[in-house]
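Student: Data: my_file.cif, mmCIF, C-alpha atoms.
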data_data
#
loop_
_atom_site.label_atom_id
_atom_site.label_comp_id
_atom_site.auth_asym_id
_atom_site.auth_seq_id
_atom_site.Cartn_x
_atom_site.Cartn_y
_atom_site.Cartn_z
CA MET A 22 -8.30 3.08 38.20
CA THR A 23 -8.95 5.83 35.73
CA ASN A 24 -12.75 5.54 36.11
CA LYS A 25 -13.10 6.64 32.49
CA LYS A 26 -15.84 4.98 30.50
CA ILE A 27 -15.11 3.58 27.05
CA LEU A 28 -17.72 2.31 24.61
CA VAL A 29 -16.51 -0.35 22.17
CA VAL A 30 -18.71 -0.69 19.07
CA GLU A 31 -17.38 -3.73 17.21
CA ASP A 32 -19.32 -6.62 15.68
CA GLU A 33 -16.48 -9.15 15.63
CA VAL A 34 -16.98 -10.93 18.96
CA VAL A 35 -13.35 -11.97 19.41
CA LEU A 36 -12.03 -8.45 18.81
CA ASN A 37 -14.68 -6.91 21.03
CA LYS A 38 -13.93 -9.36 23.85
CA ALA A 39 -10.16 -8.81 23.51
CA LEU A 40 -10.60 -5.04 23.85
CA GLN A 41 -12.93 -5.56 26.79
CA ASP A 42 -10.28 -7.69 28.56
CA PHE A 43 -7.38 -5.42 27.74
CA LEU A 44 -8.96 -2.06 28.48
CA GLY A 45 -10.68 -3.50 31.56
CA SER A 46 -7.33 -4.55 33.01
CA GLU A 47 -5.98 -1.07 32.24
CA GLY A 48 -8.58 0.28 34.64
CA PHE A 49 -11.19 1.52 32.18
CA GLU A 50 -14.87 0.85 32.55
CA VAL A 51 -15.74 -0.87 29.28
CA LEU A 52 -19.18 -0.85 27.66
CA VAL A 53 -19.80 -2.90 24.55
CA ALA A 54 -22.12 -2.84 21.55
CA PHE A 55 -22.11 -5.32 18.68
CA ASP A 56 -24.02 -3.25 16.13
CA GLY A 57 -24.42 0.40 15.17
CA GLU A 58 -27.92 0.83 16.49
CA ASP A 59 -26.99 -0.41 19.95
CA GLY A 60 -23.85 1.74 19.78
CA VAL A 61 -25.84 4.94 19.27
CA LYS A 62 -28.29 3.92 22.02
CA LYS A 63 -25.55 3.18 24.56
CA ALA A 64 -23.67 6.35 23.65
CA SER A 65 -26.56 8.60 24.61
CA LYS A 66 -27.66 6.50 27.60
CA GLU A 67 -24.26 5.95 29.22
CA ASN A 68 -22.43 9.07 28.03
CA PRO A 69 -18.98 7.43 27.68
CA ASP A 70 -15.71 9.42 27.71
CA LEU A 71 -14.58 7.90 24.42
CA ILE A 72 -15.96 5.62 21.69
CA LEU A 73 -13.99 3.00 19.76
CA LEU A 74 -15.94 2.46 16.56
CA ASP A 75 -15.72 -0.09 13.74
CA ILE A 76 -16.85 1.07 10.29
CA ILE A 77 -18.47 -2.07 8.88
CA LEU A 78 -21.27 -2.83 11.34
CA PRO A 79 -24.69 -4.48 11.15
CA LYS A 80 -27.91 -2.41 11.38
CA LYS A 81 -26.15 0.97 11.14
CA ASP A 82 -22.66 1.43 9.72
CA GLY A 83 -19.93 3.46 11.36
CA TYR A 84 -20.59 6.57 9.27
CA GLN A 85 -24.24 6.62 10.33
CA VAL A 86 -23.22 6.14 13.97
CA ILE A 87 -20.84 9.12 13.81
CA LYS A 88 -23.53 11.28 12.17
CA GLU A 89 -26.08 10.48 14.87
CA ILE A 90 -23.68 10.88 17.76
CA LYS A 91 -22.38 14.18 16.42
CA SER A 92 -25.89 15.52 15.83
CA LYS A 93 -27.00 15.12 19.44
CA GLU A 94 -26.11 17.92 21.84
CA LYS A 95 -25.48 15.46 24.66
CA THR A 96 -23.04 13.23 22.78
CA LYS A 97 -21.50 15.51 20.16
CA ASP A 98 -18.29 16.16 22.11
CA ILE A 99 -17.41 12.52 22.80
CA PRO A 100 -14.18 11.70 20.94
CA ILE A 101 -14.59 8.87 18.44
CA VAL A 102 -11.64 6.66 17.48
CA LEU A 103 -12.20 4.57 14.36
CA LEU A 104 -11.15 0.97 14.45
CA THR A 105 -10.87 -0.21 10.90
CA ASN A 106 -9.24 -2.76 8.72
CA LEU A 107 -10.08 -0.99 5.52
CA GLY A 108 -6.89 0.93 5.77
CA SER A 109 -8.12 2.93 2.83
CA ILE A 110 -7.64 6.63 3.43
CA ASP A 111 -10.65 7.37 1.21
CA ASP A 112 -13.06 5.73 3.62
CA VAL A 113 -11.23 6.94 6.68
CA GLN A 114 -11.27 10.46 5.25
CA LYS A 115 -15.05 10.31 5.02
CA ALA A 116 -15.30 9.33 8.69
CA LEU A 117 -12.86 12.04 9.78
CA GLU A 118 -14.86 14.63 7.87
CA LEU A 119 -17.97 13.47 9.70
CA GLY A 120 -16.21 14.25 12.96
CA ALA A 121 -14.19 11.21 14.10
CA THR A 122 -11.08 12.18 16.05
CA THR A 123 -8.60 9.71 14.58
CA TYR A 124 -8.32 6.16 13.26
CA LEU A 125 -6.38 2.97 13.98
CA VAL A 126 -5.86 0.00 11.68
CA LYS A 127 -6.65 -3.09 13.72
CA ALA A 128 -4.25 -5.53 12.10
CA ASP A 129 -1.35 -3.07 12.34
CA TYR A 130 -1.72 -2.11 15.99
CA LYS A 131 -1.29 -3.86 19.30
CA MET A 132 -3.93 -3.09 21.91
CA GLU A 133 -1.13 -1.57 23.93
CA GLU A 134 -0.79 1.09 21.21
CA VAL A 135 -4.55 1.53 21.04
CA THR A 136 -4.50 2.20 24.79
CA VAL A 137 -1.68 4.75 24.44
CA LYS A 138 -3.76 6.58 21.85
CA ILE A 139 -6.86 6.50 24.07
CA LYS A 140 -4.93 7.87 27.04
CA GLU A 141 -3.42 10.57 24.87
CA ILE A 142 -6.87 11.72 23.74
CA LEU A 143 -8.29 11.58 27.25
CA GLY A 144 -5.26 13.36 28.67
CA ILE A 145 -4.26 10.54 31.04
CA ASN A 146 -0.59 9.89 31.68
CA MET B 25 5.60 12.49 -27.29
CA ASN B 26 6.78 9.86 -24.83
CA LYS B 27 3.18 9.08 -24.01
CA ILE B 28 2.38 8.44 -27.66
CA LEU B 29 5.41 6.20 -28.05
CA ASP B 30 4.47 4.43 -24.85
CA SER B 31 1.07 3.47 -26.22
CA PHE B 32 2.92 1.62 -28.98
CA ASN B 33 5.10 -0.24 -26.47
CA LEU B 34 3.14 -3.45 -26.91
CA LYS B 35 5.34 -5.58 -24.67
CA LYS B 36 4.89 -3.19 -21.74
CA GLN B 37 1.17 -2.91 -22.35
CA ALA B 38 0.81 -6.69 -22.48
CA ASP B 39 2.88 -7.13 -19.32
CA GLN B 40 0.76 -4.64 -17.43
CA LEU B 41 -2.45 -6.36 -18.46
CA GLY B 42 -1.01 -9.81 -17.93
CA VAL B 43 -1.74 -11.04 -21.48
CA SER B 44 0.45 -12.11 -24.41
CA VAL B 45 1.64 -9.44 -26.84
CA TRP B 46 -0.69 -10.51 -29.68
CA ARG B 47 -3.70 -9.96 -27.41
CA SER B 48 -2.74 -6.49 -26.21
CA PRO B 49 -5.13 -3.69 -27.24
CA GLY B 50 -2.34 -1.87 -29.11
CA PHE B 51 -1.64 -4.92 -31.28
CA LEU B 52 -5.33 -5.49 -31.93
CA PHE B 53 -5.77 -1.91 -33.11
CA ILE B 54 -2.78 -2.16 -35.44
CA LEU B 55 -4.35 -5.37 -36.76
CA LEU B 56 -7.62 -3.53 -37.30
CA GLY B 57 -5.77 -0.82 -39.23
CA VAL B 58 -4.09 -3.40 -41.48
CA VAL B 59 -7.40 -5.14 -42.15
CA ILE B 60 -9.09 -1.83 -43.08
CA ILE B 61 -6.30 -0.88 -45.47
CA ALA B 62 -6.30 -4.33 -47.10
CA ALA B 63 -10.08 -4.33 -47.48
CA MET B 64 -10.12 -0.83 -48.98
CA LEU B 65 -7.40 -1.76 -51.41
CA ALA B 66 -9.42 -4.79 -52.42
CA VAL B 67 -12.51 -2.64 -53.01
CA TYR B 68 -10.43 -0.18 -54.97
CA PHE B 69 -9.13 -2.90 -57.29
CA VAL B 70 -12.55 -4.39 -57.75
CA SER B 71 -14.03 -1.00 -58.68
CA ARG B 72 -11.19 -0.29 -61.11
CA ASN B 73 -11.29 -3.60 -62.91
CA SER B 74 -15.01 -3.98 -63.19
CA ASP B 75 -17.75 -1.77 -64.55
CA SER B 76 -20.51 -3.88 -63.10
CA VAL B 77 -22.55 -2.09 -60.42
CA GLU B 78 -23.44 -5.44 -58.79
CA TYR B 79 -19.78 -6.24 -58.33
CA LEU B 80 -19.08 -2.86 -56.81
CA LEU B 81 -22.02 -3.00 -54.40
CA GLY B 82 -21.15 -6.56 -53.45
CA SER B 83 -17.57 -5.67 -52.62
CA GLU B 84 -18.63 -2.61 -50.61
CA PHE B 85 -21.06 -4.81 -48.72
CA ALA B 86 -18.35 -7.40 -48.08
CA LEU B 87 -16.06 -4.64 -46.79
CA VAL B 88 -18.65 -3.46 -44.26
CA ILE B 89 -19.24 -7.03 -43.06
CA VAL B 90 -15.50 -7.72 -42.67
CA LEU B 91 -14.98 -4.49 -40.73
CA LEU B 92 -17.91 -5.18 -38.44
CA VAL B 93 -16.77 -8.73 -37.69
CA VAL B 94 -13.13 -7.81 -37.11
CA GLY B 95 -13.98 -4.67 -35.11
CA ASN B 96 -16.46 -6.53 -32.97
CA SER B 97 -14.07 -9.33 -32.15
CA ILE B 98 -11.38 -6.80 -31.21
CA ILE B 99 -13.74 -4.91 -28.92
CA ASN B 100 -14.80 -8.19 -27.32
CA GLY B 101 -11.18 -9.13 -26.79
CA ILE B 102 -10.39 -5.84 -25.07
CA ASN B 103 -13.53 -6.03 -22.94
CA GLU B 104 -12.56 -9.49 -21.82
CA ILE B 105 -9.08 -8.34 -20.81
CA ALA B 106 -10.48 -5.36 -18.94
CA ARG B 107 -13.00 -7.53 -17.11
CA ALA B 108 -10.42 -10.15 -16.15
CA ASN B 109 -8.16 -7.41 -14.87
CA LYS B 110 -10.92 -5.84 -12.81
CA ILE B 111 -11.91 -9.16 -11.27
CA LYS B 112 -8.28 -9.85 -10.41
CA THR B 113 -7.80 -6.58 -8.52
CA GLU B 114 -11.18 -6.83 -6.82
CA PHE B 115 -10.36 -10.35 -5.73
CA ILE B 116 -7.13 -9.25 -4.09
CA SER B 117 -8.89 -6.37 -2.39
CA ILE B 118 -11.74 -8.47 -0.98
CA ALA B 119 -9.52 -11.38 -0.02
CA SER B 120 -7.19 -9.04 1.82
CA HIS B 121 -9.99 -7.41 3.78
CA GLN B 122 -11.45 -10.78 4.75
CA LEU B 123 -8.02 -12.00 5.75
CA LYS B 124 -7.32 -9.02 7.91
CA THR B 125 -10.11 -9.60 10.43
CA PRO B 126 -8.91 -13.03 11.58
CA LEU B 127 -5.31 -11.78 11.48
CA SER B 128 -6.27 -8.91 13.78
CA GLU B 129 -7.97 -11.40 16.08
CA ILE B 130 -4.85 -13.56 16.29
CA ASN B 131 -2.78 -10.42 16.80
CA TRP B 132 -4.81 -9.23 19.79
CA GLU B 133 -5.45 -12.64 21.36
CA LEU B 134 -1.72 -13.36 21.28
CA GLU B 135 -1.05 -10.01 22.88
CA LEU B 136 -3.42 -10.88 25.73
CA LEU B 137 -2.01 -14.38 26.13
CA SER B 138 1.62 -13.32 26.20
CA GLY B 139 0.98 -10.16 28.22
CA LYS B 140 -1.92 -9.67 30.60
CA PHE B 141 -2.70 -13.39 30.86
CA ALA B 142 0.82 -14.80 30.76
CA ASP B 143 0.70 -16.00 34.37
CA GLY B 144 1.67 -19.63 34.64
CA LEU B 145 3.36 -19.85 31.25
CA ASN B 146 6.89 -21.25 31.33
CA GLU B 147 9.78 -19.83 29.31
CA LYS B 148 9.42 -22.36 26.51
CA GLN B 149 5.74 -21.55 26.09
CA LYS B 150 6.47 -17.83 26.03
CA GLU B 151 9.12 -18.39 23.38
CA LEU B 152 6.65 -20.37 21.25
CA LEU B 153 4.06 -17.61 21.56
CA LYS B 154 6.65 -15.09 20.46
CA ASN B 155 7.39 -17.16 17.37
CA VAL B 156 3.71 -17.41 16.52
CA ASN B 157 3.47 -13.65 16.87
CA VAL B 158 6.41 -13.11 14.50
CA SER B 159 4.74 -15.37 11.91
CA ASN B 160 1.45 -13.56 12.27
CA CYS B 161 3.12 -10.18 11.81
CA LYS B 162 4.76 -11.50 8.62
CA MET B 163 1.39 -12.58 7.31
CA ILE B 164 -0.15 -9.18 8.11
CA ARG B 165 2.70 -7.48 6.26
CA LEU B 166 2.18 -9.70 3.24
CA VAL B 167 -1.56 -9.02 3.15
CA ASN B 168 -0.87 -5.28 3.49
CA ASP B 169 1.58 -5.47 0.60
CA LEU B 170 -0.94 -7.30 -1.60
CA LEU B 171 -3.56 -4.69 -0.73
CA ASP B 172 -1.15 -1.91 -1.66
CA VAL B 173 -0.41 -3.58 -4.99
CA ALA B 174 -4.12 -3.90 -5.69
CA ARG B 175 -4.56 -0.22 -4.86
CA ILE B 176 -1.64 0.79 -7.08
CA ASP B 177 -3.07 -1.28 -9.95
CA GLN B 178 -6.45 0.40 -9.51
CA GLY B 179 -4.78 3.80 -9.26
CA LYS B 180 -6.18 4.20 -5.77
CA LEU B 181 -3.16 4.32 -3.49
CA PRO B 182 -4.10 7.14 -1.14
CA LEU B 183 -1.34 9.46 0.09
CA VAL B 184 -1.69 12.16 2.72
CA SER B 185 0.32 15.38 2.81
CA GLU B 186 2.20 16.32 5.95
CA GLU B 187 5.45 18.05 6.78
CA ILE B 188 8.36 15.66 7.14
CA ASP B 189 11.81 15.91 8.65
CA LEU B 190 13.85 13.61 6.38
CA ILE B 191 16.88 13.31 8.67
CA GLU B 192 14.73 12.32 11.62
CA MET B 193 12.87 9.83 9.46
CA ILE B 194 16.09 8.20 8.23
CA LYS B 195 17.36 7.96 11.80
CA GLU B 196 14.16 6.20 12.77
CA VAL B 197 14.47 3.65 9.96
CA ILE B 198 18.12 2.95 10.78
CA GLU B 199 17.20 2.48 14.42
CA ASN B 200 14.46 0.01 13.44
CA ASN B 201 16.97 -1.95 11.35
CA LYS B 202 19.66 -1.96 14.03
CA ASN B 203 19.15 -5.59 15.02
CA LEU B 204 19.12 -6.81 11.43
CA ALA B 205 22.32 -4.85 10.73
CA SER B 206 24.21 -6.09 13.77
CA SER B 207 23.14 -9.69 13.13
CA ARG B 208 24.77 -9.43 9.71
CA ASN B 209 27.68 -7.32 10.86
CA VAL B 210 26.76 -4.47 8.56
CA LYS B 211 27.72 -0.89 9.42
CA ILE B 212 25.36 1.92 8.42
CA LYS B 213 26.61 5.44 7.86
CA THR B 214 24.61 8.56 7.09
CA ARG B 215 25.98 11.45 5.10
CA SER B 216 24.00 14.63 4.75
CA TYR B 217 24.21 18.35 4.32
CA VAL B 218 23.94 20.36 7.49
CA GLN B 219 20.73 21.83 6.28
CA VAL B 220 18.16 19.64 4.62
CA PRO B 221 14.93 21.44 3.89
CA LYS B 222 11.66 20.04 5.17
CA ILE B 223 9.55 18.23 2.63
CA VAL B 224 5.85 17.51 2.33
CA GLY B 225 4.67 13.94 1.82
CA ASP B 226 3.04 10.88 3.36
CA ARG B 227 5.21 10.06 6.34
CA LYS B 228 4.00 6.50 6.88
CA ARG B 229 4.37 5.60 3.21
CA LEU B 230 7.78 7.20 2.84
CA LEU B 231 8.94 5.30 5.92
CA VAL B 232 8.01 2.15 4.01
CA VAL B 233 10.13 3.31 1.05
CA LEU B 234 13.16 4.05 3.22
CA ASP B 235 12.74 0.87 5.22
CA ASN B 236 12.59 -1.15 2.02
CA LEU B 237 15.80 0.32 0.59
CA ILE B 238 17.74 0.21 3.85
CA SER B 239 16.66 -3.28 4.90
CA ASN B 240 17.39 -4.56 1.36
CA SER B 241 20.86 -3.02 1.49
CA ILE B 242 21.51 -4.88 4.75
CA LYS B 243 19.96 -8.20 3.72
CA TYR B 244 21.75 -8.39 0.38
CA ASN B 245 25.06 -7.08 1.65
CA SER B 246 28.19 -9.14 2.09
CA LYS B 247 29.17 -10.09 5.63
CA LYS B 248 30.88 -7.16 7.33
CA GLY B 249 29.43 -4.95 4.63
CA ARG B 250 28.77 -1.24 4.62
CA VAL B 251 25.68 0.79 3.91
CA ASP B 252 25.92 4.49 3.07
CA VAL B 253 22.87 6.67 3.21
CA ALA B 254 23.37 10.03 1.52
CA ILE B 255 20.96 12.95 1.42
CA THR B 256 21.62 15.60 -1.20
CA PRO B 257 19.41 18.64 -1.54
CA GLU B 258 19.26 20.07 -5.04
CA LYS B 259 17.55 23.14 -6.36
CA GLU B 260 14.10 21.67 -6.80
CA ARG B 261 14.34 18.28 -5.18
CA VAL B 262 16.15 16.29 -2.57
CA ILE B 263 17.87 13.02 -3.44
CA ILE B 264 18.28 10.12 -1.04
CA CYS B 265 20.71 7.36 -1.98
CA VAL B 266 21.31 4.04 -0.24
CA LYS B 267 24.56 2.34 -1.27
CA ASP B 268 25.70 -1.15 -0.33
CA ASN B 269 28.68 -3.29 -1.27
CA GLY B 270 26.73 -6.52 -1.59
CA VAL B 271 26.00 -9.06 -4.31
CA GLY B 272 24.75 -6.59 -6.91
CA ILE B 273 22.18 -7.25 -9.61
CA PRO B 274 22.98 -9.30 -12.75
CA LYS B 275 23.00 -7.15 -15.88
CA ASN B 276 20.23 -9.01 -17.70
CA GLN B 277 17.83 -8.65 -14.78
CA ARG B 278 18.19 -4.95 -14.15
CA LYS B 279 15.26 -3.87 -16.27
CA ASN B 280 12.90 -5.98 -14.15
CA ILE B 281 13.96 -4.69 -10.76
CA PHE B 282 10.88 -2.53 -10.24
CA SER B 283 8.40 -5.08 -11.66
CA LYS B 284 5.99 -6.64 -9.22
CA PHE B 285 6.77 -10.15 -7.96
CA PHE B 286 10.22 -9.97 -9.54
CA ARG B 287 13.17 -11.28 -7.53
CA SER B 288 16.67 -11.35 -8.93
CA ASP B 289 18.65 -14.61 -9.03
CA ASN B 290 21.26 -13.19 -6.65
CA VAL B 291 18.55 -12.29 -4.20
CA ILE B 292 16.94 -15.73 -4.26
CA LYS B 293 20.34 -17.35 -3.79
CA ASN B 294 21.03 -15.27 -0.69
CA GLN B 295 17.63 -14.91 0.83
CA THR B 296 14.76 -17.29 0.25
CA GLU B 297 12.22 -15.10 1.99
CA GLY B 298 10.56 -12.21 0.22
CA THR B 299 7.74 -11.52 -2.21
CA GLY B 300 9.22 -9.21 -4.80
CA LEU B 301 6.64 -6.56 -3.99
CA GLY B 302 8.76 -4.18 -1.92
CA LEU B 303 10.49 -2.21 -4.67
CA TYR B 304 7.37 -2.17 -6.84
CA ILE B 305 5.41 -0.57 -4.00
CA ALA B 306 8.29 1.74 -3.03
CA LYS B 307 8.75 3.07 -6.55
CA ASN B 308 5.02 3.68 -6.96
CA ILE B 309 4.85 5.58 -3.67
CA VAL B 310 7.75 7.80 -4.78
CA LEU B 311 6.30 8.35 -8.27
CA GLN B 312 2.97 9.30 -6.81
CA SER B 313 4.72 11.69 -4.42
CA GLY B 314 6.11 13.54 -7.44
CA GLY B 315 9.60 12.02 -7.34
CA ASP B 316 11.45 9.24 -9.12
CA MET B 317 13.43 6.13 -8.18
CA TRP B 318 16.43 4.62 -9.96
CA PHE B 319 19.49 2.50 -9.25
CA ASP B 320 22.98 1.64 -10.30
CA SER B 321 24.57 -1.76 -9.78
CA GLU B 322 27.74 -3.70 -10.45
CA GLU B 323 27.61 -7.44 -9.93
CA GLY B 324 29.81 -8.43 -7.02
CA GLU B 325 30.52 -4.77 -6.17
CA GLY B 326 27.19 -3.58 -4.83
CA SER B 327 24.14 -1.51 -5.68
CA THR B 328 23.02 2.06 -5.11
CA PHE B 329 19.31 2.82 -4.98
CA CYS B 330 18.26 6.46 -5.14
CA PHE B 331 15.00 8.32 -5.03
CA SER B 332 14.08 11.95 -5.29
CA LEU B 333 11.31 13.96 -3.70
CA PRO B 334 10.23 17.40 -4.84
CA LEU B 335 10.81 20.40 -2.58
CA GLU B 336 8.04 22.81 -1.86
CA GLU B 337 8.58 26.06 -3.70
CA ASN B 338 9.41 28.11 -0.61
CA GLU B 339 11.69 25.38 0.77
CA ARG B 340 13.89 25.14 -2.29
CA TYR B 341 17.51 24.98 -1.43
CA GLY B 342 19.19 28.31 -0.94
CA LEU B 343 15.89 30.14 -0.73
CA SER B 344 14.80 28.91 2.65
CA ASP B 345 17.04 31.24 4.62
#
Could you render the structure as C-alpha cells?
Tutor:
Amino acid sequence: MTNKKILVVEDEVVLNKALQDFLGSEGFEVLVAFDGEDGVKKASKENPDLILLDIILPKKDGYQVIKEIKSKEKTKDIPIVLLTNLGSIDDVQKALELGATTYLVKADYKMEEVTVKIKEILGIN
Amino acid sequence: MNKILDSFNLKKQADQLGVSVWRSPGFLFILLGVVIIAAMLAVYFVSRNSDSVEYLLGSEFALVIVLLVVGNSIINGINEIARANKIKTEFISIASHQLKTPLSEINWELELLSGKFADGLNEKQKELLKNVNVSNCKMIRLVNDLLDVARIDQGKLPLVSEEIDLIEMIKEVIENNKNLASSRNVKIKTRSYVQVPKIVGDRKRLLVVLDNLISNSIKYNSKKGRVDVAITPEKERVIICVKDNGVGIPKNQRKNIFSKFFRSDNVIKNQTEGTGLGLYIAKNIVLQSGGDMWFDSEEGEGSTFCFSLPLEENERYGLSD
C-alpha cells in the first residue's frame, strides 16, 4: 500500500471506473468526482496527494477547476495531471500555464503508463 | 516571386480546395479580368461609333450591371468553397474527438480485462483479447492521423520546442521496428558522423516522421532487403536519409507521393493496409520545423527518403567545439 490519495475528476463513467479499479489495485486510495464543482469541493475537503483532471467537464470545466484549486492556500500545491483527449497543445498549454503539472492523452496511454507518471510525480518507486 | 507564381498554379489551388480547376478562386479572378476588359472594350467602341449621349450612358450602365453580376457570382462561388472547406475540417475535428472517448474506454477496459482481471481466462481468450487490443490501437492511430490532417489543413498543428538527440531518437525508432524488420528479414544499418550536433524540435512529432520513413522502408522492401539510415550534418542543417532496396515508386506517380490519401500502385500491390496519410503528415511536420523533405526512387531498385532539420546557430557544425 502506498496510502497516497488520488482524486479522479472525470465525467465519463467508464473511464472514471476503470481508473478507480486500476489505481485501487495499485494500492492508491481513490476518490472520484464526475463534475468540476464536485472536484473542487473534494479537493479542499479531502486534500488528495494528486489530482487527475479531465478538461471537458460539466458544471465547471478543467481550466476553472485548476484556477480554483491553485488559488486556495490549502490546495495550491497539489500536483494536477491533465487527462485529455483534445491532444491539442493549444488547450493543454493553457492548462499548463494555469498551473497543471503535466498532461496525458487518454487514447494514447495505457493506465499502466498513467500510473508510472503518477508514481514519478509522487516520488514513489 | 515563387509565391506569386504559385497563386497562378490553378491545378494546385484547386487540388488543395478539393474543387475542379474552373471553380478555383484563381481561375474565377482571371475570368473576372477578362470580362472587365471585354466590357470596357465594348464601351469604348460604343462611345467611338456613336455621338448619342443616351447610347453612351446606356452602355456605361450595362457595364456596371455586368460587372456587379459577374463579381457577385464570383464572390459567392469563393465563399461557398471556403465554407465547404471549413465544414469539412471542422467535421473531421469533431468526429475525431467524439471517437476518441469510446476508443479510450475500450483501451482501458481491455487493459483491465487482460491484466488485473485476467484470472480465469484461458490462453485462447487471452489471445483474442490481444487481437482486439491490436485492432483498437490501429483505430486510435487512424483517428489521430485524421486529426493531424485536419490540424495541418487548418494551419493549427502545434509543435513544441525541446532539445533532441537525433542519434538516440533514431536508435529508439529502429528498436521499435525490430519485430517488423525481423519478420520481413530486413537488415537495418545506421551510418553517422561521430559528432552530430543536438537539434531543437518537437520530439514526439519527429519520432512520428522517423517511424514513418523507417517502417515504410521495411514494409516496402524486398525480402532480405536492406535499410540504410544516414545522418549527415551540414553547415546549417542536418540531413537524415533512409534508403531501401525495395519496389520503388513508378515514375508517373512520384509527384503525388506527399499528397494526402495518395498510395502508389506498387504500395497497394504489396501492402493492402495503410491510409496514405503518413508521408503527408511527416512532410508537414518537417516543413513546419523549418526543414524540408524529398526523395529519390528507381522502380525495382529502391527509394531514398531524406529530410533536413535546421541547426541552432550555436550548434552549427564546426562551431560547436
Student: Residues of chain B within 6 Å of chain A, counting all atoms listed in the file, what are they? List them as a list in words.
Tutor: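 Therefore, the residues near the partner are Ser128, Glu129 and Pro182 of chain B.
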Student: Using Å and a single decimal, report how far CA of Ser321 (chain B) sits from CA of Arg229 (chain B).
Tutor: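 That distance, rounded to one decimal, is 25.1 Å.
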Student: Return as a VMD selection string the set of residues that the PyMOL selection byres ((chain A and resi 63-75) around 9) yields on the displayed structure.
Tutor: chain A and resid 25 to 32 52 to 54 57 to 62 76 to 78 82 to 83 86 to 87 90 93 95 to 96 99 to 106 139 142 to 143
Student: Keeping C-alpha atoms for every residue in the selection just given, could you write it to a file as a CSV table (one decimal), in the frame of the given file?
Tutor:
chain,number,residue,atom,x,y,z
A,25,LYS,CA,-13.1,6.6,32.5
A,26,LYS,CA,-15.8,5.0,30.5
A,27,ILE,CA,-15.1,3.6,27.0
A,28,LEU,CA,-17.7,2.3,24.6
A,29,VAL,CA,-16.5,-0.4,22.2
A,30,VAL,CA,-18.7,-0.7,19.1
A,31,GLU,CA,-17.4,-3.7,17.2
A,32,ASP,CA,-19.3,-6.6,15.7
A,52,LEU,CA,-19.2,-0.8,27.7
A,53,VAL,CA,-19.8,-2.9,24.6
A,54,ALA,CA,-22.1,-2.8,21.6
A,57,GLY,CA,-24.4,0.4,15.2
A,58,GLU,CA,-27.9,0.8,16.5
A,59,ASP,CA,-27.0,-0.4,20.0
A,60,GLY,CA,-23.8,1.7,19.8
A,61,VAL,CA,-25.8,4.9,19.3
A,62,LYS,CA,-28.3,3.9,22.0
A,76,ILE,CA,-16.8,1.1,10.3
A,77,ILE,CA,-18.5,-2.1,8.9
A,78,LEU,CA,-21.3,-2.8,11.3
A,82,ASP,CA,-22.7,1.4,9.7
A,83,GLY,CA,-19.9,3.5,11.4
A,86,VAL,CA,-23.2,6.1,14.0
A,87,ILE,CA,-20.8,9.1,13.8
A,90,ILE,CA,-23.7,10.9,17.8
A,93,LYS,CA,-27.0,15.1,19.4
A,95,LYS,CA,-25.5,15.5,24.7
A,96,THR,CA,-23.0,13.2,22.8
A,99,ILE,CA,-17.4,12.5,22.8
A,100,PRO,CA,-14.2,11.7,20.9
A,101,ILE,CA,-14.6,8.9,18.4
A,102,VAL,CA,-11.6,6.7,17.5
A,103,LEU,CA,-12.2,4.6,14.4
A,104,LEU,CA,-11.2,1.0,14.4
A,105,THR,CA,-10.9,-0.2,10.9
A,106,ASN,CA,-9.2,-2.8,8.7
A,139,ILE,CA,-6.9,6.5,24.1
A,142,ILE,CA,-6.9,11.7,23.7
A,143,LEU,CA,-8.3,11.6,27.2
Student: Could you pull out every residue with an atom within 12 Å of (19.2, 8.6, 8.0), file coordinates, counting all atoms listed in the file, and send them as a PyMOL selection string?
Tutor: chain B and resi 189-201+212-217+220+231+234-235+237-238+251-256+264-266
Student: Selection in question (the file shown): the PyMOL selection byres ((chain A and resi 120) around 8). Which residues does it include, as a PyMOL selection string?
Tutor: chain A and resi 87-88+91+101+116-119+121-122
Student: Write a file of the just-selected residues containing C-alpha atoms, as an mmCIF file, in the frame of the given file.
Tutor:
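Dumped everything to part_25.cif:
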data_model
loop_
_atom_site.group_PDB
_atom_site.id
_atom_site.type_symbol
_atom_site.label_atom_id
_atom_site.label_comp_id
_atom_site.auth_asym_id
_atom_site.auth_seq_id
_atom_site.Cartn_x
_atom_site.Cartn_y
_atom_site.Cartn_z
ATOM 1 C CA ILE A 87 -20.840 9.120 13.810
ATOM 2 C CA LYS A 88 -23.530 11.280 12.170
ATOM 3 C CA LYS A 91 -22.380 14.180 16.420
ATOM 4 C CA ILE A 101 -14.590 8.870 18.440
ATOM 5 C CA ALA A 116 -15.300 9.330 8.690
ATOM 6 C CA LEU A 117 -12.860 12.040 9.780
ATOM 7 C CA GLU A 118 -14.860 14.630 7.870
ATOM 8 C CA LEU A 119 -17.970 13.470 9.700
ATOM 9 C CA ALA A 121 -14.190 11.210 14.100
ATOM 10 C CA THR A 122 -11.080 12.180 16.050
#
Student: Smallest atom-to-atom distance to Asn96 (chain B): which of B:Gly139, B:Ser83, B:Tyr244, B:Leu52, using only C-alpha atoms?
Tutor: B:Leu52
Student: In Å, how far is it from CA of Ser241 (chain B) to CA of Lys267 (chain B)?
Tutor: 7.1 Å
Student: By how many Å are CA of Val184 (chain B) and CA of Gly314 (chain B) apart?
Tutor: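 Answer for the CA of Val184 (chain B) to CA of Gly314 (chain B) separation: 12.9 Å.
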Student: Which centre and edge lengths in Å to one decimal define the box along x, y and z that fits every listed atom of region 157-173 of chain B plus 6 Å per side, as JSON?
Tutor:
{"center_x": 1.4, "center_y": -8.6, "center_z": 5.9, "size_x": 22.0, "size_y": 25.5, "size_z": 33.9}
Student: From the set B:Gly225, B:Gly302, B:Pro49, B:Pro126, which residue has the shortest atom-to-atom contact distance to Ser283 (chain B), counting only C-alpha atoms?
Tutor: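 Between B:Gly225, B:Gly302, B:Pro49, B:Pro126, the residue approaching Ser283 (chain B) most closely is B:Gly302.
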Student: Excluding region 168-179 of chain B and any residue of its chain fewer than 2 positions from it, enumerate the residues within 7 Å of it, using all atoms listed in the file, and give them as a list in words.
Tutor: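 With the cut-off at 7 Å, the set is Thr113, Ile116, Ser117, Ser120, Ile164, Arg165, Leu166, Leu181, Leu301 and Ile305 of chain B.
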Student: Once the PyMOL selection byres ((chain B and resi 226) around 10) has been evaluated on this model, what residues remain selected, and can you format them as a PyMOL selection string?
Tutor: chain B and resi 182-188+223-225+227-231+309-310+313
